[in-house]
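Structure below is start-v4.cif: mmCIF, C-alpha atoms.
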data_upload
loop_
_atom_site.label_atom_id
_atom_site.label_comp_id
_atom_site.auth_asym_id
_atom_site.auth_seq_id
_atom_site.Cartn_x
_atom_site.Cartn_y
_atom_site.Cartn_z
CA MET A 1 24.08 6.31 -16.27
CA LYS A 2 20.75 8.06 -16.29
CA CYS A 3 20.60 10.38 -19.28
CA PHE A 4 17.49 12.37 -18.75
CA ASN A 5 17.20 15.76 -17.13
CA TYR A 6 13.97 17.09 -15.80
CA PRO A 7 13.41 19.95 -13.40
CA LEU A 8 12.76 19.11 -9.78
CA TYR A 9 12.06 22.73 -8.96
CA ILE A 10 11.71 26.04 -10.81
CA ARG A 11 10.94 29.44 -9.26
CA SER A 12 11.16 32.90 -10.70
CA VAL A 13 10.32 36.47 -9.82
CA PRO A 14 8.14 37.86 -11.36
CA SER A 15 6.41 34.54 -12.00
CA GLN A 16 4.87 35.41 -15.33
CA ASN A 17 8.26 34.95 -17.01
CA GLU A 18 8.51 31.38 -15.78
CA LEU A 19 8.14 29.74 -19.20
CA LYS A 20 10.99 31.79 -20.61
CA PHE A 21 13.19 30.65 -17.73
CA HIS A 22 12.24 27.01 -18.29
CA TYR A 23 13.68 27.38 -21.77
CA THR A 24 16.80 29.23 -20.64
CA VAL A 25 17.51 26.65 -17.97
CA HIS A 26 16.95 23.74 -20.32
CA THR A 27 19.42 25.02 -22.90
CA SER A 28 21.99 25.83 -20.23
CA LEU A 29 21.97 22.12 -19.31
CA ASP A 30 23.97 21.38 -22.46
CA VAL A 31 26.72 23.71 -21.33
CA VAL A 32 26.61 22.10 -17.90
CA GLU A 33 27.07 18.63 -19.41
CA GLU A 34 30.02 19.89 -21.40
CA LYS A 35 31.70 21.29 -18.31
CA VAL A 36 31.02 18.17 -16.27
CA SER A 37 32.72 15.92 -18.78
CA ALA A 38 35.66 18.32 -18.95
CA VAL A 39 36.13 18.34 -15.16
CA GLY A 40 37.13 14.70 -15.14
CA LYS A 41 40.29 15.61 -17.03
CA SER A 42 41.36 18.49 -14.83
CA ILE A 43 41.32 19.12 -11.07
CA GLY A 44 38.29 17.78 -9.28
CA ASP A 45 36.32 20.80 -8.19
CA GLN A 46 32.64 20.29 -7.81
CA ARG A 47 31.65 23.86 -8.44
CA GLU A 48 31.27 25.47 -11.80
CA LEU A 49 30.44 29.07 -12.19
CA TYR A 50 29.42 31.49 -14.75
CA LEU A 51 28.41 29.48 -17.77
CA GLY A 52 28.50 32.74 -19.64
CA LEU A 53 25.90 34.70 -21.53
CA LEU A 54 23.86 32.11 -23.35
CA TYR A 55 21.73 34.70 -25.08
CA PRO A 56 23.73 37.78 -26.01
CA THR A 57 20.50 39.58 -26.83
CA GLU A 58 18.82 38.89 -23.55
CA ASP A 59 21.27 40.08 -20.94
CA TYR A 60 21.04 37.25 -18.45
CA LYS A 61 23.86 35.74 -16.50
CA VAL A 62 23.46 32.04 -15.97
CA TYR A 63 25.38 30.24 -13.23
CA GLY A 64 25.58 26.51 -12.79
CA TYR A 65 26.52 24.12 -9.96
CA VAL A 66 26.60 20.33 -9.97
CA THR A 67 26.58 18.12 -6.90
CA ASN A 68 28.27 14.74 -6.63
CA SER A 69 24.87 13.17 -6.97
CA LYS A 70 24.53 14.74 -10.42
CA VAL A 71 21.86 17.20 -9.38
CA LYS A 72 22.23 20.47 -11.21
CA PHE A 73 21.40 23.89 -9.85
CA VAL A 74 20.98 26.80 -12.24
CA ILE A 75 20.62 30.43 -11.20
CA VAL A 76 19.56 33.05 -13.76
CA VAL A 77 20.27 36.65 -12.88
CA ASP A 78 19.49 39.88 -14.66
CA SER A 79 22.66 41.34 -16.14
CA SER A 80 21.73 44.80 -14.98
CA ASN A 81 22.19 43.51 -11.46
CA THR A 82 25.95 43.97 -11.39
CA SER A 83 26.15 44.18 -7.61
CA LEU A 84 26.06 40.38 -7.29
CA ARG A 85 29.59 39.13 -6.72
CA ASP A 86 31.14 35.72 -7.19
CA ASN A 87 31.15 34.81 -3.48
CA GLU A 88 27.52 35.74 -3.15
CA ILE A 89 26.59 33.40 -5.97
CA ARG A 90 28.77 30.69 -4.39
CA SER A 91 27.07 31.14 -1.05
CA MET A 92 23.66 31.00 -2.72
CA PHE A 93 24.59 27.66 -4.26
CA ARG A 94 25.86 26.48 -0.88
CA LYS A 95 22.54 27.32 0.75
CA LEU A 96 20.64 25.64 -2.05
CA HIS A 97 22.76 22.53 -1.73
CA ASN A 98 22.31 22.38 2.05
CA SER A 99 18.58 22.83 1.66
CA PHE A 100 18.43 20.15 -1.00
CA THR A 101 20.32 17.74 1.25
CA ASP A 102 17.68 18.29 3.91
CA VAL A 103 14.93 17.58 1.37
CA MET A 104 16.67 14.33 0.39
CA CYS A 105 16.75 13.19 4.00
CA ASN A 106 13.05 13.83 4.47
CA PRO A 107 11.36 10.41 4.54
CA PHE A 108 8.26 11.84 2.86
CA TYR A 109 10.24 12.89 -0.17
CA ASN A 110 10.65 10.37 -2.98
CA PRO A 111 13.85 11.04 -4.91
CA GLY A 112 12.96 12.11 -8.44
CA ASP A 113 9.68 13.75 -7.50
CA PRO A 114 9.17 17.50 -7.85
CA ILE A 115 10.21 19.24 -4.66
CA GLN A 116 7.29 20.43 -2.57
CA SER A 117 9.00 21.13 0.71
CA LYS A 118 7.96 24.40 2.36
CA ALA A 119 11.36 24.77 3.95
CA PHE A 120 13.03 24.59 0.55
CA ASN A 121 10.54 27.13 -0.84
CA GLY A 122 11.36 29.42 2.06
CA ILE A 123 15.10 29.33 1.44
CA VAL A 124 14.62 30.04 -2.26
CA SER A 125 12.21 32.95 -1.63
CA GLY A 126 14.64 34.39 0.87
CA MET A 127 17.36 34.45 -1.77
CA MET A 128 15.19 35.84 -4.54
CA VAL A 129 13.78 38.72 -2.55
CA GLN A 130 17.29 39.69 -1.50
CA THR A 131 18.53 39.99 -5.05
CA GLY A 132 15.49 41.93 -6.20
CA MET B 133 29.63 4.41 22.70
CA ALA B 134 25.95 3.82 23.26
CA ASP B 135 25.06 5.44 19.91
CA GLU B 136 26.30 2.41 18.02
CA SER B 137 24.06 0.04 19.91
CA LEU B 138 21.04 2.24 19.22
CA PHE B 139 21.14 1.51 15.54
CA GLU B 140 22.11 -2.13 16.01
CA PHE B 141 19.11 -2.77 18.26
CA LEU B 142 16.79 -0.88 15.96
CA HIS B 143 18.04 -2.85 12.99
CA MET B 144 17.53 -6.15 14.81
CA GLU B 145 13.97 -5.18 15.65
CA ILE B 146 13.24 -4.09 12.09
CA VAL B 147 14.41 -7.43 10.72
CA SER B 148 12.50 -9.44 13.28
CA HIS B 149 9.35 -7.33 12.85
CA ILE B 150 9.30 -7.76 9.10
CA PHE B 151 9.78 -11.50 9.35
CA ASN B 152 7.12 -11.82 12.02
CA GLU B 153 4.60 -9.82 9.98
CA GLN B 154 5.10 -12.08 7.01
CA GLN B 155 4.85 -15.18 9.16
CA SER B 156 1.66 -14.26 11.03
CA SER B 157 -0.36 -13.81 7.87
CA LYS B 158 0.65 -17.15 6.45
CA GLY B 159 1.69 -19.37 9.32
CA GLU B 160 4.44 -21.01 7.28
CA MET B 161 7.45 -19.23 5.76
CA ASP B 162 8.40 -20.45 2.34
CA ASN B 163 11.19 -19.22 0.14
CA LYS B 164 9.01 -16.71 -1.66
CA ASP B 165 8.03 -15.06 1.62
CA ARG B 166 11.60 -14.98 2.79
CA ALA B 167 12.62 -13.37 -0.48
CA ALA B 168 9.86 -10.77 -0.11
CA CYS B 169 11.09 -9.84 3.36
CA ILE B 170 14.65 -9.54 2.18
CA SER B 171 13.57 -7.28 -0.72
CA LEU B 172 11.66 -5.10 1.70
CA LEU B 173 14.71 -4.68 3.89
CA GLU B 174 16.88 -3.97 0.88
CA ALA B 175 14.45 -1.35 -0.39
CA MET B 176 14.54 0.41 2.99
CA GLY B 177 18.31 0.42 2.87
CA PHE B 178 18.19 1.84 -0.65
CA ARG B 179 16.27 4.95 0.35
CA VAL B 180 18.51 5.45 3.39
CA GLY B 181 21.61 5.12 1.21
CA GLN B 182 20.32 7.80 -1.17
CA GLY B 183 19.80 10.33 1.59
CA LEU B 184 23.04 9.45 3.36
CA ILE B 185 25.21 9.88 0.31
CA GLU B 186 23.73 13.31 -0.33
CA ARG B 187 24.88 14.41 3.12
CA LEU B 188 28.24 12.73 3.00
CA THR B 189 29.32 14.01 -0.42
CA ARG B 190 28.28 17.59 0.24
CA ASP B 191 31.80 18.83 0.72
CA THR B 192 33.87 16.33 -1.20
CA PRO B 193 35.31 17.17 -4.62
CA SER B 194 33.95 15.42 -7.73
CA PHE B 195 34.85 11.81 -8.35
CA LYS B 196 37.10 11.15 -11.29
CA ASP B 197 35.82 7.69 -12.19
CA GLU B 198 34.13 4.53 -10.99
CA LEU B 199 37.15 3.30 -9.07
CA ASP B 200 37.35 6.62 -7.26
CA ILE B 201 33.72 6.25 -6.23
CA MET B 202 34.31 2.70 -4.95
CA LYS B 203 37.32 3.84 -2.96
CA PHE B 204 35.21 6.56 -1.39
CA ILE B 205 32.60 3.95 -0.47
CA CYS B 206 35.26 1.72 1.06
CA LYS B 207 36.90 4.43 3.11
CA ASP B 208 34.85 7.50 4.02
CA PHE B 209 31.39 6.06 3.53
CA TRP B 210 32.09 2.78 5.33
CA THR B 211 33.72 4.69 8.19
CA LYS B 212 30.75 6.97 8.67
CA VAL B 213 28.18 4.20 8.43
CA PHE B 214 29.88 1.11 9.84
CA ARG B 215 32.63 2.76 11.87
CA ARG B 216 35.56 1.10 10.13
CA GLN B 217 37.05 0.90 6.67
CA VAL B 218 36.65 -1.97 4.27
CA ASP B 219 39.62 -4.30 4.71
CA ASN B 220 40.00 -5.40 1.14
CA LEU B 221 38.72 -4.15 -2.21
CA ARG B 222 39.13 -6.33 -5.27
CA THR B 223 37.98 -5.66 -8.79
CA ASN B 224 38.14 -7.16 -12.23
CA HIS B 225 38.19 -3.64 -13.68
CA GLN B 226 35.09 -4.49 -15.61
CA GLY B 227 32.45 -3.34 -13.20
CA THR B 228 32.62 -6.03 -10.53
CA TYR B 229 33.95 -5.16 -7.08
CA VAL B 230 34.28 -7.26 -3.95
CA LEU B 231 34.43 -5.41 -0.65
CA GLN B 232 35.61 -7.47 2.29
CA ASP B 233 34.97 -6.38 5.83
CA ASN B 234 36.52 -8.70 8.40
CA LYS B 235 34.58 -7.40 11.34
CA PHE B 236 31.27 -6.23 9.95
CA ALA B 237 29.58 -3.97 12.48
CA LEU B 238 26.15 -5.55 12.26
CA LEU B 239 27.44 -9.11 12.61
CA THR B 240 29.91 -8.83 15.48
CA GLN B 241 27.32 -9.61 18.14
CA PHE B 242 26.22 -12.85 16.49
CA SER B 243 29.20 -15.15 16.71
CA SER B 244 32.85 -15.48 15.78
CA GLY B 245 32.59 -18.62 13.76
CA LYS B 246 29.92 -20.60 12.03
CA GLN B 247 27.11 -20.41 14.55
CA TYR B 248 23.98 -18.64 13.24
CA LEU B 249 25.47 -18.52 9.74
CA ASP B 250 22.09 -19.28 8.16
CA GLN B 251 20.53 -16.23 9.84
CA ALA B 252 23.14 -13.84 8.52
CA PRO B 253 21.56 -12.97 5.13
CA LYS B 254 18.56 -11.38 6.84
CA TYR B 255 20.81 -8.99 8.65
CA LEU B 256 22.81 -8.06 5.60
CA ALA B 257 19.93 -7.10 3.30
CA PHE B 258 19.55 -3.61 4.74
CA SER B 259 23.26 -2.87 4.37
CA CYS B 260 23.25 -4.10 0.77
CA GLY B 261 20.43 -1.67 0.12
CA VAL B 262 22.35 1.19 1.70
CA VAL B 263 25.32 0.58 -0.60
CA ARG B 264 23.07 0.26 -3.65
CA GLY B 265 21.24 3.48 -2.78
CA ALA B 266 24.48 5.35 -2.27
CA LEU B 267 25.86 4.19 -5.64
CA SER B 268 22.60 4.96 -7.37
CA ASN B 269 22.67 8.58 -6.31
CA LEU B 270 26.26 8.86 -7.43
CA GLY B 271 25.14 7.82 -10.89
CA LEU B 272 25.97 4.11 -10.79
CA GLU B 273 23.21 1.53 -11.06
CA SER B 274 24.34 -1.69 -9.43
CA VAL B 275 23.40 -5.00 -7.92
CA VAL B 276 24.77 -5.56 -4.42
CA THR B 277 24.85 -8.93 -2.72
CA ALA B 278 26.57 -10.13 0.42
CA GLU B 279 27.93 -13.43 1.57
CA VAL B 280 29.33 -14.70 4.82
CA SER B 281 31.41 -17.80 5.35
CA ILE B 282 32.83 -17.07 8.78
CA MET B 283 31.32 -14.50 11.08
CA PRO B 284 31.84 -11.62 11.50
CA SER B 285 33.73 -11.35 8.25
CA CYS B 286 31.61 -10.69 5.19
CA LYS B 287 32.03 -9.92 1.51
CA PHE B 288 29.87 -7.52 -0.44
CA GLN B 289 29.81 -8.01 -4.16
CA VAL B 290 28.94 -4.98 -6.26
CA VAL B 291 28.23 -5.40 -9.95
CA ILE B 292 27.84 -2.13 -11.81
CA GLN B 293 25.13 -2.27 -14.45
CA LYS B 294 26.20 -0.78 -17.73
CA LEU B 295 23.23 0.74 -19.54
#
Would you mind writing the file's structure down as structure tokens?
Amino acid sequence: MKCFNYPLYIRSVPSQNELKFHYTVHTSLDVVEEKVSAVGKSIGDQRELYLGLLYPTEDYKVYGYVTNSKVKFVIVVDSSNTSLRDNEIRSMFRKLHNSFTDVMCNPFYNPGDPIQSKAFNGIVSGMMVQTG
Amino acid sequence: MADESLFEFLHMEIVSHIFNEQQSSKGEMDNKDRAACISLLEAMGFRVGQGLIERLTRDTPSFKDELDIMKFICKDFWTKVFRRQVDNLRTNHQGTYVLQDNKFALLTQFSSGKQYLDQAPKYLAFSCGVVRGALSNLGLESVVTAEVSIMPSCKFQVVIQKL
């Protein structure tokens, strides 16, 4: 099994905080791995939500989602944004997954490369603007 | 009904094109050239398998273990790609699996016996690649080979590589 994790895509608003998010996302991967190995023992549900507050001092909510092809999606949301409900996060992950599937099927995309697709960018921007 | 033939014809042309390309630059095909063509076909299949599995596992729940993945390949995946299920799956429970398809979709038009048996490997390389690509994206590195003794029945052998 491949044991390395590297980001295929990172976007944030406002973009000057990007480095901080790189770090947040990277540490959340450990929690993701934990959950993935636990899933095998319980019911097979591919979605995992709400990894919990990783940094109690920083007020971020971090959500995770893992596909069957072991690709992990992480969404970091400001805690002050309490209007975001569970189903909205789920539907965001759904859209991301669908968009990622399209990227995979693009013959010009080499699996493992950073994602440069404009369509994918568009979907992500659409979601970020919506949540403020 | 015609959709099936579309891919079959395309596949036949791909195989013949690749072999012709290799032949025209050399004039004589030796084993090394033949092996190069087969690797090329397999590599194409690999990329296709990766993309396909992403689409096909979008809505399925997580797989519990290796055997679960192989069963998925034999049933759902084989149905979507080759329009039937694998007839027989055997394993030694140590990473080797043999998938037997008695009426392999890409071989049915060739013959129902031993005629053209020597040509069969060329037409199986792409499919081996597809299976390998699918497994690779599900987290399993493998080596996939195929053998035919009587058309159109063929056996795919999958050996999972433990890292």
*Considering only C-alpha atoms, state which residue in the set B:Lys196, B:Lys207, B:Arg179, B:Lys246 is at the smallest distance from Cys260 of chain B.*
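Using only C-alpha atoms, the shortest distance to Cys260 of chain B belongs to B:Arg179.
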*Distance filter 7 Å, all atoms listed in the file, chain B against chain A, as a PyMOL selection string*: chain B and resi 183+186-187+189+193-196+269-272+295
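Distance annotation: of B:Lys294, B:Phe209, B:Leu199, B:Ile150, the residue with the minimal separation from Glu174 of chain B is B:Ile150; atom set is only C-alpha atoms.
For the atom pair formed by atom CA of Tyr248 of chain B and atom CA of Glu136 of chain B, the distance is 21.7 Å, given to one decimal.
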*asked:* What's the separation between atom CA of Ile170 of chain B and atom CA of Leu256 of chain B, in Å to one decimal place?
replied: 9.0 Å
_As an exercise, work out the distance from atom CA of Trp210 of chain B to atom CA of Asp233 of chain B in Å and give it to one decimal place._
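Here the two named atoms are 9.6 Å from each other.
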*Hey, what's within 10 Å of Asn121 of chain A if we count all atoms listed in the file and toss same-chain stuff fewer than 6 positions away? As a ChimeraX atom specification, please?*
/A:9,11,99,115
*Which residues match the PyMOL selection byres ((chain B and resi 202) around 12) in the file above, as an NGL selection string?*
:B and (195-201 or 203-210 or 218 or 220-223 or 225 or 227-231 or 263-264 or 266-267 or 270 or 272 or 274 or 289-292)
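Distances to Ile75 of chain A were evaluated for A:Val25, A:Val32, A:Ile123, A:Leu19 using only C-alpha atoms, and the minimum falls at A:Val25.
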*asked:* Quick check on the file I pasted: which residues fall under the PyMOL selection byres ((chain A and resi 76) around 7)? Write them as a VMD selection string.
replied: chain A and resid 60 to 63 74 to 75 77 to 78
*Find the residues around Phe258 of chain B up to 9 Å (only C-alpha atoms counted), leave out those fewer than 6 positions away in its own chain, and share them as a list in words.*
His143, Val147, Ile170, Ser171, Leu172, Leu173, Glu174, Ala175, Met176, Gly177 and Phe178 of chain B
Around segment 291-294 of chain B, with edges along x, y and z and 6 Å added on all six sides, what centre and edge lengths do you get, in Å to one decimal, as AutoDock Vina command-line options?
--center_x 26.7 --center_y -3.1 --center_z -13.8 --size_x 15.1 --size_y 16.6 --size_z 19.8
*asked:* Assuming the chain letters and numbering stay as they are in my file, what does the PyMOL selection byres ((chain B and resi 287) around 9) actually select? List them as a ChimeraX atom specification.
replied: /B:230-234,277-281,285-286,288-289
_Gln247 of chain B surroundings by all atoms listed in the file, 9 Å radius, close-in-sequence under 5 positions cut, as a list of chain:residue names_ =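 Counting only the stated atoms, we get B:Phe242, B:Ile282, B:Met283.
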*Would you mind listing what lies within 12 Å of Leu138 of chain B as a PyMOL selection string, with all atoms listed in the file counted and same-chain residues fewer than 6 positions away left out?*
chain B and resi 144-145+238
*Do a neighbour search on Ser12 of chain A at 10 Å with only C-alpha atoms, toss out local chain neighbours closer than 6 positions, and write the hits as a list in words.*
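Contacts, with the query itself left out: Glu18, Leu19, Lys20, Phe21, His22, Ile75, Val76, Val124, Ser125 and Met128 of chain A.
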Output segment 110-121 of chain A with all heavy atoms present, as an mmCIF file, keeping the file's coordinate frame.
data_model
loop_
_atom_site.group_PDB
_atom_site.id
_atom_site.type_symbol
_atom_site.label_atom_id
_atom_site.label_comp_id
_atom_site.auth_asym_id
_atom_site.auth_seq_id
_atom_site.Cartn_x
_atom_site.Cartn_y
_atom_site.Cartn_z
ATOM 1 N N ASN A 110 10.207 11.454 -2.127
ATOM 2 C CA ASN A 110 10.650 10.370 -2.980
ATOM 3 C C ASN A 110 11.641 10.929 -3.986
ATOM 4 O O ASN A 110 11.275 11.782 -4.777
ATOM 5 C CB ASN A 110 9.419 9.867 -3.740
ATOM 6 C CG ASN A 110 9.417 8.380 -3.793
ATOM 7 O OD1 ASN A 110 10.422 7.723 -3.515
ATOM 8 N ND2 ASN A 110 8.279 7.849 -4.147
ATOM 9 N N PRO A 111 12.880 10.454 -3.985
ATOM 10 C CA PRO A 111 13.850 11.040 -4.910
ATOM 11 C C PRO A 111 13.348 10.972 -6.343
ATOM 12 O O PRO A 111 12.881 9.933 -6.794
ATOM 13 C CB PRO A 111 15.076 10.144 -4.739
ATOM 14 C CG PRO A 111 14.950 9.572 -3.408
ATOM 15 C CD PRO A 111 13.477 9.431 -3.145
ATOM 16 N N GLY A 112 13.436 12.081 -7.065
ATOM 17 C CA GLY A 112 12.960 12.110 -8.440
ATOM 18 C C GLY A 112 11.641 12.849 -8.567
ATOM 19 O O GLY A 112 11.257 13.267 -9.640
ATOM 20 N N ASP A 113 10.933 13.008 -7.447
ATOM 21 C CA ASP A 113 9.680 13.750 -7.500
ATOM 22 C C ASP A 113 9.958 15.237 -7.490
ATOM 23 O O ASP A 113 11.000 15.670 -7.015
ATOM 24 C CB ASP A 113 8.835 13.438 -6.258
ATOM 25 C CG ASP A 113 8.271 12.043 -6.311
ATOM 26 O OD1 ASP A 113 8.350 11.412 -7.381
ATOM 27 O OD2 ASP A 113 7.766 11.616 -5.263
ATOM 28 N N PRO A 114 9.002 16.049 -7.974
ATOM 29 C CA PRO A 114 9.170 17.500 -7.850
ATOM 30 C C PRO A 114 9.231 17.863 -6.364
ATOM 31 O O PRO A 114 8.582 17.225 -5.541
ATOM 32 C CB PRO A 114 7.883 18.062 -8.464
ATOM 33 C CG PRO A 114 7.323 16.973 -9.280
ATOM 34 C CD PRO A 114 7.813 15.674 -8.734
ATOM 35 N N ILE A 115 10.017 18.878 -6.063
ATOM 36 C CA ILE A 115 10.210 19.240 -4.660
ATOM 37 C C ILE A 115 9.058 20.103 -4.183
ATOM 38 O O ILE A 115 8.739 21.128 -4.781
ATOM 39 C CB ILE A 115 11.532 20.005 -4.482
ATOM 40 C CG1 ILE A 115 12.667 19.073 -4.865
ATOM 41 C CG2 ILE A 115 11.706 20.478 -3.058
ATOM 42 C CD1 ILE A 115 14.017 19.699 -4.747
ATOM 43 N N GLN A 116 8.422 19.668 -3.075
ATOM 44 C CA GLN A 116 7.290 20.430 -2.570
ATOM 45 C C GLN A 116 7.512 20.918 -1.159
ATOM 46 O O GLN A 116 6.586 21.359 -0.509
ATOM 47 C CB GLN A 116 6.031 19.563 -2.621
ATOM 48 C CG GLN A 116 5.601 19.352 -4.056
ATOM 49 C CD GLN A 116 4.534 18.306 -4.160
ATOM 50 O OE1 GLN A 116 4.432 17.424 -3.316
ATOM 51 N NE2 GLN A 116 3.734 18.393 -5.194
ATOM 52 N N SER A 117 8.738 20.798 -0.680
ATOM 53 C CA SER A 117 9.000 21.130 0.710
ATOM 54 C C SER A 117 8.867 22.628 0.957
ATOM 55 O O SER A 117 9.395 23.460 0.226
ATOM 56 C CB SER A 117 10.415 20.666 1.059
ATOM 57 O OG SER A 117 10.974 21.492 2.027
ATOM 58 N N LYS A 118 8.137 22.989 2.049
ATOM 59 C CA LYS A 118 7.960 24.400 2.360
ATOM 60 C C LYS A 118 9.267 25.026 2.788
ATOM 61 O O LYS A 118 9.543 26.186 2.503
ATOM 62 C CB LYS A 118 6.933 24.547 3.495
ATOM 63 C CG LYS A 118 5.549 24.264 3.038
ATOM 64 C CD LYS A 118 4.509 24.746 4.027
ATOM 65 C CE LYS A 118 3.149 24.236 3.600
ATOM 66 N NZ LYS A 118 2.229 24.030 4.692
ATOM 67 N N ALA A 119 10.083 24.223 3.492
ATOM 68 C CA ALA A 119 11.360 24.770 3.950
ATOM 69 C C ALA A 119 12.222 25.175 2.764
ATOM 70 O O ALA A 119 12.851 26.233 2.749
ATOM 71 C CB ALA A 119 12.088 23.721 4.799
ATOM 72 N N PHE A 120 12.242 24.302 1.744
ATOM 73 C CA PHE A 120 13.030 24.590 0.550
ATOM 74 C C PHE A 120 12.507 25.848 -0.128
ATOM 75 O O PHE A 120 13.268 26.741 -0.514
ATOM 76 C CB PHE A 120 12.959 23.397 -0.404
ATOM 77 C CG PHE A 120 13.946 23.433 -1.516
ATOM 78 C CD1 PHE A 120 15.289 23.139 -1.283
ATOM 79 C CD2 PHE A 120 13.558 23.747 -2.808
ATOM 80 C CE1 PHE A 120 16.208 23.157 -2.319
ATOM 81 C CE2 PHE A 120 14.481 23.770 -3.850
ATOM 82 C CZ PHE A 120 15.805 23.480 -3.604
ATOM 83 N N ASN A 121 11.186 25.953 -0.258
ATOM 84 C CA ASN A 121 10.540 27.130 -0.840
ATOM 85 C C ASN A 121 10.982 28.385 -0.118
ATOM 86 O O ASN A 121 11.300 29.396 -0.726
ATOM 87 C CB ASN A 121 9.025 27.030 -0.668
ATOM 88 C CG ASN A 121 8.369 26.486 -1.904
ATOM 89 O OD1 ASN A 121 8.914 26.592 -2.983
ATOM 90 N ND2 ASN A 121 7.192 25.911 -1.728
#
